[in-house]
Structure formats: C-alpha cells, structure tokens
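Participant: My structure file run_22.txt, compact mmCIF, C-alpha atoms, is below:
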```txt
# COMPACT_ATOMS: atom_id res chain seq x y z
CA MET A 1 -34.81 -7.87 -7.26
CA SER A 2 -31.68 -9.75 -6.26
CA ALA A 3 -28.10 -8.71 -6.96
CA PRO A 4 -25.94 -10.52 -9.55
CA GLY A 5 -24.57 -13.71 -8.12
CA GLY A 6 -27.83 -14.47 -6.33
CA SER A 7 -26.58 -12.98 -3.05
CA GLY A 8 -28.72 -10.74 -0.90
CA SER A 9 -27.01 -7.88 0.90
CA GLU A 10 -27.10 -9.59 4.32
CA GLY A 11 -26.13 -13.15 3.30
CA PRO A 12 -22.93 -14.53 1.78
CA LEU A 13 -21.74 -12.36 -1.11
CA ASP A 14 -20.01 -13.22 -4.36
CA ILE A 15 -17.15 -10.71 -4.63
CA LEU A 16 -14.68 -10.38 -7.47
CA TYR A 17 -11.44 -8.55 -6.77
CA ILE A 18 -9.23 -7.22 -9.54
CA SER A 19 -5.58 -6.44 -8.77
CA ASN A 20 -2.76 -5.99 -11.24
CA LEU A 21 -0.48 -8.14 -9.05
CA TYR A 22 -1.22 -10.71 -6.37
CA PRO A 23 1.09 -12.80 -4.16
CA PRO A 24 3.52 -14.36 -4.68
CA HIS A 25 4.15 -11.55 -7.18
CA VAL A 26 4.63 -8.53 -4.91
CA ILE A 27 6.19 -5.14 -5.60
CA GLY A 28 4.52 -2.99 -2.94
CA GLY A 29 1.91 -2.91 -0.24
CA ALA A 30 -1.12 -2.74 -2.57
CA GLU A 31 -1.02 -6.40 -3.53
CA VAL A 32 -0.37 -7.42 0.09
CA ILE A 33 -3.46 -5.51 1.23
CA ALA A 34 -5.50 -6.96 -1.65
CA ALA A 35 -4.55 -10.50 -0.61
CA ARG A 36 -5.19 -9.92 3.10
CA LEU A 37 -8.61 -8.45 2.31
CA ALA A 38 -9.61 -11.25 -0.07
CA GLU A 39 -8.55 -13.98 2.36
CA GLU A 40 -10.28 -12.36 5.33
CA VAL A 41 -13.52 -11.88 3.38
CA ALA A 42 -13.37 -15.52 2.26
CA ARG A 43 -12.71 -16.61 5.85
CA ARG A 44 -15.96 -14.90 6.83
CA GLY A 45 -17.90 -17.19 4.52
CA HIS A 46 -18.18 -15.10 1.35
CA ARG A 47 -17.34 -16.45 -2.11
CA VAL A 48 -14.23 -14.67 -3.37
CA THR A 49 -12.55 -14.60 -6.77
CA VAL A 50 -9.38 -12.63 -7.50
CA VAL A 51 -8.48 -11.77 -11.08
CA THR A 52 -4.89 -10.70 -11.58
CA THR A 53 -2.27 -10.65 -14.31
CA GLY A 54 0.17 -13.50 -14.83
CA PRO A 55 3.28 -14.52 -16.73
CA ALA A 56 1.69 -17.24 -18.85
CA ALA A 57 0.23 -16.55 -22.30
CA THR A 58 -3.10 -18.01 -21.21
CA SER A 59 -5.04 -17.91 -17.97
CA THR A 60 -4.33 -20.17 -15.01
CA GLU A 61 -6.52 -20.85 -11.99
CA GLU A 62 -5.73 -21.96 -8.46
CA TRP A 63 -7.20 -21.87 -4.96
CA VAL A 64 -5.17 -20.03 -2.31
CA SER A 65 -6.42 -19.77 1.29
CA GLY A 66 -10.03 -20.19 0.26
CA VAL A 67 -9.74 -17.69 -2.60
CA ARG A 68 -10.13 -18.59 -6.27
CA VAL A 69 -7.24 -16.84 -8.05
CA VAL A 70 -7.41 -16.40 -11.83
CA ARG A 71 -4.20 -15.16 -13.45
CA LEU A 72 -4.62 -13.70 -16.94
CA GLY A 73 -1.56 -13.62 -19.16
CA GLY A 74 -0.91 -11.99 -22.49
CA LEU A 75 -3.00 -8.87 -21.83
CA ASN A 76 -0.34 -6.43 -23.02
CA LEU A 77 3.08 -6.26 -24.70
CA TYR A 78 4.72 -7.68 -21.59
CA TRP A 79 3.75 -8.71 -18.08
CA GLY A 80 3.63 -5.69 -15.78
CA PHE A 81 5.71 -7.48 -13.13
CA ASP A 82 8.64 -7.47 -15.58
CA ARG A 83 9.40 -3.76 -15.38
CA ASP A 84 12.90 -3.71 -16.85
CA GLN A 85 11.85 -2.81 -20.40
CA PRO A 86 13.10 -0.32 -23.03
CA ILE A 87 11.48 3.10 -22.82
CA VAL A 88 9.78 2.74 -26.22
CA LYS A 89 8.20 -0.54 -25.18
CA ARG A 90 7.09 0.96 -21.86
CA ALA A 91 5.45 3.88 -23.70
CA ALA A 92 3.61 1.45 -26.00
CA TRP A 93 2.51 -0.57 -22.96
CA HIS A 94 0.97 2.55 -21.40
CA ALA A 95 -0.78 3.40 -24.66
CA VAL A 96 -2.46 -0.01 -24.64
CA ASP A 97 -3.20 0.36 -20.93
CA ALA A 98 -5.27 3.48 -21.52
CA TRP A 99 -7.95 1.13 -22.86
CA ASN A 100 -7.19 -2.56 -23.12
CA PRO A 101 -9.80 -4.32 -25.31
CA ARG A 102 -8.26 -7.75 -24.66
CA ALA A 103 -8.68 -7.24 -20.91
CA ALA A 104 -12.25 -6.01 -21.43
CA HIS A 105 -13.16 -9.11 -23.45
CA ARG A 106 -11.66 -11.55 -20.96
CA LEU A 107 -13.16 -9.78 -17.97
CA LEU A 108 -16.62 -9.80 -19.56
CA ASP A 109 -16.29 -13.55 -19.99
CA ILE A 110 -15.27 -14.01 -16.34
CA LEU A 111 -18.12 -11.80 -15.14
CA ASP A 112 -20.62 -13.78 -17.21
CA ARG A 113 -19.42 -17.02 -15.67
CA SER A 114 -18.88 -15.81 -12.10
CA ARG A 115 -21.85 -13.42 -11.78
CA PRO A 116 -20.40 -11.56 -8.76
CA ALA A 117 -22.51 -9.19 -6.69
CA VAL A 118 -19.69 -6.62 -6.42
CA VAL A 119 -16.46 -5.92 -8.29
CA HIS A 120 -13.71 -4.35 -6.19
CA THR A 121 -10.66 -3.12 -8.09
CA HIS A 122 -7.28 -2.32 -6.60
CA ASN A 123 -4.45 -1.23 -8.91
CA ILE A 124 -5.78 -1.64 -12.46
CA ASP A 125 -2.66 -1.00 -14.51
CA GLY A 126 -2.49 -4.00 -16.81
CA PHE A 127 -6.29 -4.10 -17.06
CA SER A 128 -7.02 -0.41 -17.81
CA PRO A 129 -10.34 1.28 -16.92
CA ALA A 130 -11.94 -1.34 -19.15
CA ALA A 131 -12.24 -3.26 -15.85
CA TRP A 132 -14.72 -0.68 -14.58
CA TRP A 133 -16.51 -0.51 -17.92
CA ALA A 134 -16.95 -4.30 -18.04
CA ALA A 135 -18.56 -4.39 -14.60
CA ARG A 136 -20.78 -1.42 -15.42
CA ARG A 137 -21.84 -3.10 -18.68
CA ARG A 138 -23.01 -6.12 -16.70
CA GLY A 139 -24.81 -3.97 -14.12
CA ILE A 140 -22.43 -4.84 -11.27
CA PRO A 141 -21.52 -2.20 -8.65
CA VAL A 142 -17.86 -1.15 -8.62
CA VAL A 143 -15.65 -0.26 -5.66
CA HIS A 144 -12.12 0.99 -6.30
CA THR A 145 -9.24 1.51 -3.87
CA ALA A 146 -6.45 3.94 -4.78
CA HIS A 147 -3.27 2.56 -3.21
CA ASP A 148 -1.05 5.03 -5.07
CA TYR A 149 -1.27 7.75 -7.72
CA HIS A 150 -1.56 5.53 -10.80
CA LEU A 151 -4.67 7.36 -12.02
CA LEU A 152 -2.85 10.70 -11.80
CA CYS A 153 0.72 9.88 -12.80
CA LEU A 154 2.29 7.52 -15.33
CA ARG A 155 4.90 6.63 -12.70
CA ALA A 156 2.19 6.24 -10.02
CA THR A 157 4.39 8.20 -7.58
CA LEU A 158 4.03 11.92 -8.46
CA LEU A 159 7.81 11.92 -8.84
CA HIS A 160 10.15 12.91 -11.66
CA ALA A 161 12.64 10.35 -12.96
CA SER A 162 15.22 12.07 -10.74
CA GLY A 163 13.16 11.27 -7.65
CA ALA A 164 12.14 14.88 -7.04
CA ARG A 165 8.46 15.59 -6.32
CA CYS A 166 6.42 16.47 -9.39
CA ASP A 167 3.93 19.10 -8.27
CA ALA A 168 3.35 20.55 -11.76
CA ALA A 169 2.24 17.64 -13.94
CA PRO A 170 3.77 17.45 -17.44
CA LEU A 171 1.50 17.21 -20.48
CA PRO A 172 1.43 13.37 -20.71
CA CYS A 173 0.27 13.12 -17.08
CA ARG A 174 -2.30 15.88 -17.56
CA MET A 175 -3.71 13.94 -20.51
CA TRP A 176 -3.64 10.74 -18.42
CA ARG A 177 -5.57 12.43 -15.60
CA SER A 178 -8.11 13.85 -17.99
CA TRP A 179 -8.72 10.40 -19.47
CA TYR A 180 -9.27 8.84 -16.05
CA ALA A 181 -11.43 11.75 -14.93
CA GLY A 182 -13.82 10.70 -17.69
CA ARG A 183 -13.73 7.05 -16.62
CA VAL A 184 -14.07 7.39 -12.84
CA PRO A 185 -17.88 7.89 -13.00
CA ASP A 186 -18.02 4.14 -13.71
CA VAL A 187 -16.96 3.66 -10.06
CA ASP A 188 -19.72 3.66 -7.44
CA VAL A 189 -17.46 4.09 -4.39
CA PHE A 190 -13.89 5.39 -4.68
CA CYS A 191 -11.81 4.49 -1.62
CA ALA A 192 -8.35 5.32 -0.32
CA PRO A 193 -6.54 4.33 2.88
CA SER A 194 -5.76 7.99 3.63
CA ARG A 195 -7.78 11.19 3.46
CA PHE A 196 -4.81 12.85 1.76
CA VAL A 197 -4.85 10.53 -1.23
CA LEU A 198 -8.62 10.74 -1.63
CA GLU A 199 -8.54 14.54 -1.60
CA ARG A 200 -5.50 14.64 -3.90
CA HIS A 201 -7.46 12.72 -6.54
CA ARG A 202 -10.37 15.12 -6.18
CA ALA A 203 -8.07 18.15 -6.43
CA ASP A 204 -6.54 16.79 -9.63
CA GLY A 205 -9.90 16.34 -11.33
CA LEU A 206 -10.90 12.77 -10.48
CA VAL A 207 -14.15 13.47 -8.71
CA PRO A 208 -15.90 10.23 -7.75
CA ARG A 209 -19.61 9.75 -7.17
CA ARG A 210 -18.79 8.86 -3.58
CA GLY A 211 -15.49 8.82 -1.74
CA GLU A 212 -14.60 6.86 1.39
CA VAL A 213 -11.50 6.50 3.54
CA VAL A 214 -10.95 2.85 4.48
CA ARG A 215 -7.81 2.36 6.55
CA ASN A 216 -5.44 -0.50 5.79
CA GLY A 217 -5.24 -3.34 8.28
CA ILE A 218 -2.61 -5.72 9.63
CA PRO A 219 -3.05 -9.33 10.77
CA SER A 220 -3.83 -9.21 14.48
CA ALA A 221 -2.08 -12.48 15.33
CA ALA A 222 1.15 -11.53 13.57
CA PHE A 223 1.80 -8.19 15.22
CA VAL A 224 -0.86 -6.76 17.53
CA ASP A 225 -0.82 -9.83 19.78
CA GLY A 226 2.87 -10.45 19.45
CA GLY A 227 4.63 -8.79 22.40
CA GLY A 228 7.35 -6.49 21.13
CA LEU A 229 7.46 -4.18 24.19
CA ALA A 230 10.34 -5.81 26.02
CA ALA A 231 13.22 -3.63 27.15
CA PRO A 232 15.95 -3.28 24.51
CA PRO A 233 18.88 -5.71 24.89
CA ALA A 234 21.32 -2.78 25.01
CA PRO A 235 21.09 0.87 26.07
CA GLY A 236 20.12 3.33 23.39
CA LEU A 237 17.68 3.02 20.53
CA GLY A 238 17.24 0.33 17.88
CA VAL A 239 15.94 2.02 14.72
CA ALA A 240 14.49 0.10 11.78
CA PHE A 241 13.85 1.25 8.23
CA LEU A 242 11.55 -0.89 6.07
CA GLY A 243 10.94 -0.13 2.40
CA GLN A 244 12.52 0.60 -0.93
CA VAL A 245 16.09 1.73 -0.36
CA SER A 246 15.84 4.91 -2.41
CA GLU A 247 16.20 8.66 -2.11
CA HIS A 248 12.48 9.44 -2.26
CA LYS A 249 11.92 7.04 0.65
CA GLY A 250 14.32 9.17 2.68
CA VAL A 251 17.28 6.80 2.94
CA GLY A 252 19.78 9.57 2.14
CA VAL A 253 18.24 11.83 4.77
CA LEU A 254 18.30 8.98 7.30
CA LEU A 255 22.00 8.25 6.70
CA ASP A 256 22.78 11.95 7.01
CA ALA A 257 20.81 12.08 10.27
CA MET A 258 22.76 9.15 11.70
CA ALA A 259 26.03 10.97 11.03
CA ARG A 260 24.72 13.86 13.17
CA ILE A 261 23.71 11.76 16.20
CA PRO A 262 26.36 11.48 18.97
CA ARG A 263 27.63 7.93 19.14
CA ASP A 264 27.38 7.76 22.92
CA LEU A 265 23.57 7.82 22.66
CA GLY A 266 23.62 4.24 21.38
CA VAL A 267 21.38 4.77 18.33
CA ARG A 268 21.60 1.78 15.96
CA LEU A 269 20.06 1.61 12.48
CA GLU A 270 19.08 -1.46 10.45
CA VAL A 271 17.98 -0.81 6.86
CA ALA A 272 15.72 -3.53 5.43
CA GLY A 273 14.93 -3.58 1.73
CA THR A 274 16.60 -3.22 -1.63
CA GLY A 275 16.84 -0.41 -4.14
CA PRO A 276 19.12 2.08 -5.86
CA MET A 277 20.68 3.31 -2.61
CA THR A 278 21.76 -0.13 -1.36
CA GLY A 279 25.35 0.74 -2.20
CA ALA A 280 25.13 3.98 -0.22
CA VAL A 281 23.91 2.03 2.81
CA GLU A 282 26.79 -0.43 2.49
CA ARG A 283 29.32 2.41 2.29
CA ALA A 284 27.78 4.12 5.32
CA ALA A 285 27.91 0.83 7.24
CA ARG A 286 31.64 0.48 6.52
CA ARG A 287 32.22 3.97 7.97
CA ASP A 288 29.83 3.65 10.90
CA PRO A 289 29.38 0.35 12.82
CA ARG A 290 26.00 1.60 14.13
CA ILE A 291 24.51 1.14 10.63
CA ARG A 292 23.67 -2.22 9.07
CA GLY A 293 21.98 -3.11 5.80
CA VAL A 294 20.00 -6.34 6.08
CA GLY A 295 18.51 -6.52 2.56
CA PHE A 296 15.12 -7.97 1.68
CA LEU A 297 13.42 -9.74 4.58
CA ASP A 298 10.70 -12.37 4.51
CA GLU A 299 7.83 -12.09 6.98
CA ARG A 300 9.59 -14.04 9.72
CA ALA A 301 12.81 -12.06 9.43
CA LYS A 302 10.85 -8.81 9.33
CA ALA A 303 9.07 -9.75 12.55
CA ASP A 304 12.46 -10.50 14.13
CA LEU A 305 13.72 -7.06 13.08
CA LEU A 306 10.70 -5.33 14.57
CA GLY A 307 11.06 -7.41 17.74
CA ARG A 308 14.60 -6.12 18.35
CA SER A 309 13.82 -2.51 17.42
CA GLN A 310 12.11 0.25 19.39
CA CYS A 311 11.57 2.81 16.63
CA LEU A 312 10.69 2.88 12.94
CA ALA A 313 12.21 5.73 10.91
CA LEU A 314 10.41 6.63 7.69
CA PRO A 315 11.43 10.08 6.38
CA PRO A 316 10.22 10.14 2.74
CA SER A 317 10.16 13.17 0.49
CA TRP A 318 7.26 11.85 -1.62
CA TYR A 319 3.56 11.80 -0.80
CA GLU A 320 3.25 8.50 1.03
CA ASN A 321 -0.25 7.06 1.12
CA ALA A 322 -0.61 4.66 4.06
CA PRO A 323 2.51 2.47 4.29
CA VAL A 324 1.90 -1.04 5.61
CA ALA A 325 5.32 -0.87 7.28
CA VAL A 326 4.09 1.88 9.63
CA LEU A 327 1.10 -0.19 10.76
CA GLU A 328 3.23 -3.30 11.21
CA ALA A 329 5.78 -1.39 13.25
CA MET A 330 3.12 0.20 15.45
CA GLY A 331 1.49 -3.20 15.91
CA ALA A 332 4.84 -4.54 17.12
CA GLY A 333 5.09 -1.69 19.62
CA LEU A 334 7.50 0.65 17.86
CA ALA A 335 7.36 4.41 18.04
CA VAL A 336 7.45 5.98 14.57
CA VAL A 337 9.55 8.93 13.45
CA ALA A 338 8.19 10.01 10.08
CA THR A 339 7.97 12.92 7.69
CA ARG A 340 5.01 15.24 7.96
CA ILE A 341 3.87 14.57 4.40
CA GLY A 342 1.11 12.76 2.49
CA GLY A 343 -0.94 10.34 4.56
CA LEU A 344 1.68 9.86 7.31
CA PRO A 345 0.24 12.50 9.69
CA GLU A 346 -3.00 10.49 9.63
CA MET A 347 -1.14 7.44 10.91
CA VAL A 348 1.34 8.93 13.38
CA GLU A 349 0.05 11.17 16.16
CA ASP A 350 2.87 13.62 16.81
CA GLY A 351 4.08 13.42 20.39
CA LYS A 352 1.91 10.40 21.23
CA THR A 353 2.67 7.46 18.90
CA GLY A 354 5.79 9.01 17.42
CA ILE A 355 7.36 12.21 16.13
CA LEU A 356 6.70 13.99 12.84
CA VAL A 357 9.52 15.96 11.21
CA PRO A 358 9.72 18.22 8.13
CA PRO A 359 10.68 16.63 4.78
CA ALA A 360 14.34 16.58 3.73
CA ASP A 361 15.55 17.78 7.14
CA PRO A 362 18.26 15.46 8.48
CA ARG A 363 18.92 17.71 11.48
CA ALA A 364 15.28 17.53 12.63
CA LEU A 365 15.32 13.76 12.09
CA ALA A 366 18.55 13.40 14.06
CA ASP A 367 17.12 15.49 16.91
CA ALA A 368 13.98 13.32 17.05
CA LEU A 369 15.92 10.06 17.19
CA ALA A 370 18.34 11.47 19.75
CA LEU A 371 15.41 12.63 21.89
CA LEU A 372 13.91 9.12 21.96
CA ALA A 373 17.28 7.54 22.71
CA ALA A 374 17.81 9.91 25.66
CA SER A 375 14.23 9.64 26.99
CA PRO A 376 13.35 6.00 27.75
CA ASP A 377 10.18 6.92 29.62
CA ARG A 378 8.86 9.00 26.72
CA LEU A 379 9.87 6.27 24.27
CA GLY A 380 8.06 3.64 26.35
CA ALA A 381 4.87 5.72 26.45
CA MET A 382 4.98 6.22 22.69
CA ARG A 383 5.51 2.52 22.08
CA ARG A 384 2.53 1.57 24.22
CA ALA A 385 0.36 4.20 22.52
CA ALA A 386 1.47 3.02 19.07
CA ARG A 387 0.52 -0.56 19.81
CA GLU A 388 -2.82 0.50 21.22
CA ALA A 389 -3.54 2.56 18.09
CA ALA A 390 -2.63 -0.35 15.83
CA ALA A 391 -5.01 -2.65 17.71
CA GLY A 392 -7.90 -0.84 16.02
CA ARG A 393 -6.46 -1.30 12.56
CA THR A 394 -6.61 -5.02 11.96
CA VAL A 395 -7.41 -6.83 8.74
CA GLY A 396 -10.73 -7.80 10.32
CA VAL A 397 -11.70 -4.16 10.86
CA MET A 398 -10.66 -3.29 7.30
CA ALA A 399 -12.67 -6.20 5.88
CA GLU A 400 -15.78 -5.24 7.82
CA ASP A 401 -15.49 -1.65 6.60
CA TYR A 402 -15.39 -2.84 3.00
CA LEU A 403 -18.18 -5.37 3.53
CA GLU A 404 -20.40 -2.60 4.84
CA ILE A 405 -19.72 -0.63 1.65
CA TYR A 406 -20.61 -3.70 -0.47
CA ARG A 407 -23.81 -4.28 1.47
CA GLY A 408 -24.76 -0.64 1.16
CA LEU A 409 -24.44 -0.85 -2.61
CA LEU A 410 -26.64 -3.95 -2.74
CA ARG A 411 -29.42 -2.95 -0.34
CA PRO A 412 -31.24 -0.77 -2.89
CA LEU A 413 -31.28 -3.75 -5.27
CA SER A 414 -32.82 -6.15 -2.77
CA SER A 415 -36.50 -6.66 -2.10
```
Any chance you could give the structure as structure tokens?
Facilitator:
Amino acid sequence: MSAPGGSGSEGPLDILYISNLYPPHVIGGAEVIAARLAEEVARRGHRVTVVTTGPAATSTEEWVSGVRVVRLGGLNLYWGFDRDQPIVKRAAWHAVDAWNPRAAHRLLDILDRSRPAVVHTHNIDGFSPAAWWAARRRGIPVVHTAHDYHLLCLRATLLHASGARCDAAPLPCRMWRSWYAGRVPDVDVFCAPSRFVLERHRADGLVPRRGEVVRNGIPSAAFVDGGGLAAPPAPGLGVAFLGQVSEHKGVGVLLDAMARIPRDLGVRLEVAGTGPMTGAVERAARRDPRIRGVGFLDERAKADLLGRSQCLALPPSWYENAPVAVLEAMGAGLAVVATRIGGLPEMVEDGKTGILVPPADPRALADALALLAASPDRLGAMRRAAREAAAGRTVGVMAEDYLEIYRGLLRPLSS
C-alpha cells in the first residue's frame, strides 16, 4: 500500500505545510523556521506546498524558492496578521478559531487536489484544529510543531496583559486547553524545539500520541560559516539585544543592568527591534552614550550587528521556547548571557557557551556582562564554543530530523 501522494517513504515525498503566517508576513520566529524548513526540504528534491493565511478575500498562489505557497484569505473575521482590533472582535475571532468550518472545507479541497503524503502544521491559529481533522479525515499522517503556547493560552505567551507570567491559568484558558487536549490525538507526532515546551504541554493536559524534540536550525552559509570571531574594534564588550522591545523580553532588566556596570569596563549595548519599550530605550540612550537603539533590522543589518558584537543579552521573564536570535548569535560567534528560564538552558551551556542568570535580576545580569568585559580570554573561549555548538544546528540538520519523522510515519504504509 502506498502513501497518499504516490510517494514511498524512501523516495521524494509530497509534503504539505500549514502555517498561520509565512514570509513576507512575519511576526516571530515560527514563520521564519517554517519557511526555512519548507525551502530546505524542497531543495532536497521533495514536492512542497505551504498553505497559509492571506489578506485577500480569496486564495492566491505563487512559487517561492521552489515552494508552492497558497494563501487563503477570508477564513475569519479579520486576517490574523492585522492584530490591532477591538477586544470584542478579537474575542469573536477566537471563538471562530476554536473550530473553523470554512478553513476545514478549504483545506479538504486542497488535500483532495494535492494528495500529500504528510501534513506538517506549525502555528494553526487562523485555521483551528480543523486542520488536523481534515488531514485525519483523508487518512494523512499529521506532524505538529509547537513554536509557542498557542494551544495552552489565548495570548500564546503564558503572560497576563500586564506582562507578568501567568502560572495559574484563568477559566477561558483552562477551557481552551481542555478543547485542544481533546483535539491533539489527531496529531501523530507532536514536536517542539525545546524539551521544556514539550513537557509543559504534557503537564497542562495536552498529551500527544508521540512527542519529539526537534531543534530549530539556522542557515549555515549566513552565520556558521561567516567569521564573526575577530577581535572587537574597541576594548570592552559589544552587547546586542535582538527581539521585541518589551518588558517580558527583559529590556527593562537589561537597561537597569547597564546602569549598574562601571563605565570604564567599556560595555556597549545595541537594542535591535521594536515594541512598547522603545521609548524607554531612547530615554536611556539620551542619559547613557553606551546605549543605542537601532530599531528593526533586516537580515543584512542584523548580520552587521552580530559581526560587531561579542555577546548577546537575552534576559526574559517569560518562558522562552527556542529563540532563533540565540542560534543566530551563537552561529556568529557570540557568547550568550540569558535567563535561566524556559528552553534557554537547553541552548546555552552555562560557563561554556555563555552565562545563565536568574530571571528579573539586573544585578546578576550586570555582574555577568562585567565579568565577560573584564575577562577577554574567557569571553574568547565562550565565543568559540558557541560557534562550535551552533555548527550542529543548521537548517539542514533540522530538515533531516523532520524528514526522518515523515519517513517513519510512512514506512508502515509501504509494501
């Protein structure tokens, strides 16, 4: 018996990816990873279709880097990329997203025409768990990757509106989790890029048939092979922050830490990104010439920032999963100073590739940055170890890990 799509488990596969967003529409790392995976799998000779949401009322189709990209519009009250909506409208959007019959109907039609061997979902908000149901109805194995906490939390962050961690879920989120706990059996293999996130889903009642940790990957040519270990142009320590400029990402703690570091150590901070604390960064920069806000950076500008930095600082208070920024920084040869929380301890080896500090502790963060600034030999060893660690986490390795999961699902169906 052959798998749907006419592909045996060892030959070229027909794979359909579902992701709520897909470049050029990017909010976070999930859609970046989805695109890198799809393009790498296509580059290896497999037939790849991506189904995502789009701004148009009807579907559009294009080919991007060997990947067929279908953008479905009009699935809900508004496009999920347009997040600035009244609270009543957002609540109604989530109600539809619990089970979206329009998405189910259109996905069934795509599955009937494409006949993929495997469906791999990433973030499914905008599609609802009807995406899993549709694949199951057509007898197609399902792989899902949890890039955040969308299946556990209506905000997908396990945070209150204030930005504080939400460790005791309110009733709406408990109902949301219960609903998804009943849907997750439609998934054959439930993946996450960190052990922490996989186990957090299990602890909160989403117990998959099979769980796997598949680490995120970075393009080898862009960072791992790119140098980045030259001596700094000035004494001291160039520190980069990449991410949403917000309290839960640790920007306030980082600014507080900078105020505690003696100026003669030569620690310099560049904050890349946008968010609600952009103004706080600008005010800090006016008071302290060591601090600079550089705003949103494209890939080239980001590579330039990493090339002139020696350390990445990421001190969040929320349960980070597996930030792409950490891998990119390590690939560029930066030591990482990060909070000991969420999936970060799985990425940063304390004392070897960086330093882990407690959450919400600006003094500990300041001490760690000051230590690296005053210890060039230790910093150099950490930078070399970070780059070596990142060399094993390329997009190619990630793609092969997923392909092995796909093939494993199809082998029992093949004769």
Participant: Compare A:His120, A:Arg115, A:Arg90, A:Arg102 by their minimum atom-to-atom distance to A:Tyr406, counting only C-alpha atoms, and give me the closest one.
Facilitator: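 Ranked by minimum distance to A:Tyr406, first place goes to A:His120.
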Participant: Residues within 12 Å of A:Ser128, please, as an NGL selection string. Count all atoms listed in the file; anything in the same chain fewer than 2 positions from it doesn't count.
Facilitator: :A and (18-20 or 53 or 75-76 or 93-104 or 107 or 121-126 or 130-134 or 150-151 or 176 or 179-180 or 183-184)
Participant: Grab the atom CA of A:Gly80 to atom CA of A:Pro23 distance for me, in Å with one decimal place.
Facilitator: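 A separation of 13.9 Å between them.
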Participant: State, in Å with one decimal place, the distance from atom CA of A:Val239 to atom CA of A:Gly29.
Facilitator: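 Value for the atom CA of A:Val239-atom CA of A:Gly29 distance: 21.1 Å.
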Participant: Using all atoms listed in the file, find the one residue out of A:Arg260, A:Arg411, A:Arg268, A:His201 that sits nearest to A:Asp148.
Facilitator: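 Result for the nearest residue to A:Asp148: A:His201.
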Participant: My list of candidates is A:Asp82, A:Glu328, A:Pro129, A:Tyr17. Which is closest to A:Pro185 when distances are computed with all atoms listed in the file?
Facilitator: A:Pro129
Participant: With distances taken over only C-alpha atoms, which of A:Arg200, A:Arg36, A:Arg292, A:Arg286 is nearest to A:Gly238?
Facilitator: A:Arg292
Participant: Point out the residue among A:Met347, A:Leu159, A:Ala303, A:Leu154 with the least atom-to-atom distance to A:Arg393, counting only C-alpha atoms.
Facilitator: A:Met347
Participant: Might you pull out every residue within 8 Å of stretch 336-346 of chain A, with all atoms listed in the file counted and same-chain residues fewer than 3 positions away left off, and present them as a PDB file with C-alpha atoms, keeping the file's coordinate frame?
Facilitator:
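Dumped everything to selection.pdb:
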```
ATOM      1  CA  SER A 194      -5.760   7.990   3.630  1.00  0.00           C
ATOM      2  CA  ARG A 195      -7.780  11.190   3.460  1.00  0.00           C
ATOM      3  CA  PHE A 196      -4.810  12.850   1.760  1.00  0.00           C
ATOM      4  CA  VAL A 197      -4.850  10.530  -1.230  1.00  0.00           C
ATOM      5  CA  CYS A 311      11.570   2.810  16.630  1.00  0.00           C
ATOM      6  CA  LEU A 312      10.690   2.880  12.940  1.00  0.00           C
ATOM      7  CA  ALA A 313      12.210   5.730  10.910  1.00  0.00           C
ATOM      8  CA  LEU A 314      10.410   6.630   7.690  1.00  0.00           C
ATOM      9  CA  PRO A 315      11.430  10.080   6.380  1.00  0.00           C
ATOM     10  CA  PRO A 316      10.220  10.140   2.740  1.00  0.00           C
ATOM     11  CA  SER A 317      10.160  13.170   0.490  1.00  0.00           C
ATOM     12  CA  TRP A 318       7.260  11.850  -1.620  1.00  0.00           C
ATOM     13  CA  TYR A 319       3.560  11.800  -0.800  1.00  0.00           C
ATOM     14  CA  GLU A 320       3.250   8.500   1.030  1.00  0.00           C
ATOM     15  CA  ASN A 321      -0.250   7.060   1.120  1.00  0.00           C
ATOM     16  CA  ALA A 322      -0.610   4.660   4.060  1.00  0.00           C
ATOM     17  CA  VAL A 326       4.090   1.880   9.630  1.00  0.00           C
ATOM     18  CA  ALA A 329       5.780  -1.390  13.250  1.00  0.00           C
ATOM     19  CA  MET A 330       3.120   0.200  15.450  1.00  0.00           C
ATOM     20  CA  GLU A 349       0.050  11.170  16.160  1.00  0.00           C
ATOM     21  CA  ASP A 350       2.870  13.620  16.810  1.00  0.00           C
ATOM     22  CA  THR A 353       2.670   7.460  18.900  1.00  0.00           C
ATOM     23  CA  GLY A 354       5.790   9.010  17.420  1.00  0.00           C
ATOM     24  CA  ILE A 355       7.360  12.210  16.130  1.00  0.00           C
ATOM     25  CA  LEU A 356       6.700  13.990  12.840  1.00  0.00           C
ATOM     26  CA  VAL A 357       9.520  15.960  11.210  1.00  0.00           C
ATOM     27  CA  PRO A 358       9.720  18.220   8.130  1.00  0.00           C
ATOM     28  CA  PRO A 359      10.680  16.630   4.780  1.00  0.00           C
ATOM     29  CA  LEU A 365      15.320  13.760  12.090  1.00  0.00           C
ATOM     30  CA  ALA A 368      13.980  13.320  17.050  1.00  0.00           C
ATOM     31  CA  LEU A 369      15.920  10.060  17.190  1.00  0.00           C
TER      32      LEU A 369
END
```
Participant: How many Å separate atom CA of A:Tyr149 from atom CA of A:Gly331?
Facilitator: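 About the pair atom CA of A:Tyr149 and atom CA of A:Gly331: they are 26.2 Å apart.
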Participant: Hey, what's within 8 Å of stretch 379-388 of chain A if we count only C-alpha atoms and toss same-chain stuff fewer than 3 positions away? As a VMD selection string, please?
Facilitator: chain A and resid 224 229 310 330 to 335 351 to 354 372 to 373 375 to 376 391 to 392
Participant: Counting only C-alpha atoms, figure out which residue out of A:Arg47, A:Arg287, A:His105, A:His160 gets nearest to A:Arg137.
Facilitator: A:His105
Participant: Residues at most 8 Å from stretch 56-65 of chain A, counting all atoms listed in the file, excluding those fewer than 6 positions away in the same chain, as a short mmCIF file (atom, residue, chain, number, x, y, z; two decimals) with C-alpha atoms, in the coordinates of the input?
Facilitator:
```cif
data_model
loop_
_atom_site.label_atom_id
_atom_site.label_comp_id
_atom_site.auth_asym_id
_atom_site.auth_seq_id
_atom_site.Cartn_x
_atom_site.Cartn_y
_atom_site.Cartn_z
CA GLU A 39 -8.55 -13.98 2.36
CA ARG A 71 -4.20 -15.16 -13.45
CA LEU A 72 -4.62 -13.70 -16.94
CA GLY A 73 -1.56 -13.62 -19.16
CA GLY A 74 -0.91 -11.99 -22.49
#
```
Participant: Return as JSON the centre and edge lengths, in Å with one decimal, of the box along x, y and z that encloses every atom of stretch 82-88 of chain A in the file, padded by 5 Å per side.
Facilitator:
```
{"center_x": 10.9, "center_y": -2.2, "center_z": -20.8, "size_x": 14.5, "size_y": 20.6, "size_z": 20.8}
```
Participant: Tell me, as JSON, numbers by chain, which residues lie within 9 Å of A:Ala366, counting all atoms listed in the file; anything in the same chain fewer than 4 positions away does not count.
Facilitator: {"A": [254, 256, 257, 258, 259, 260, 261, 361, 362, 370, 371]}
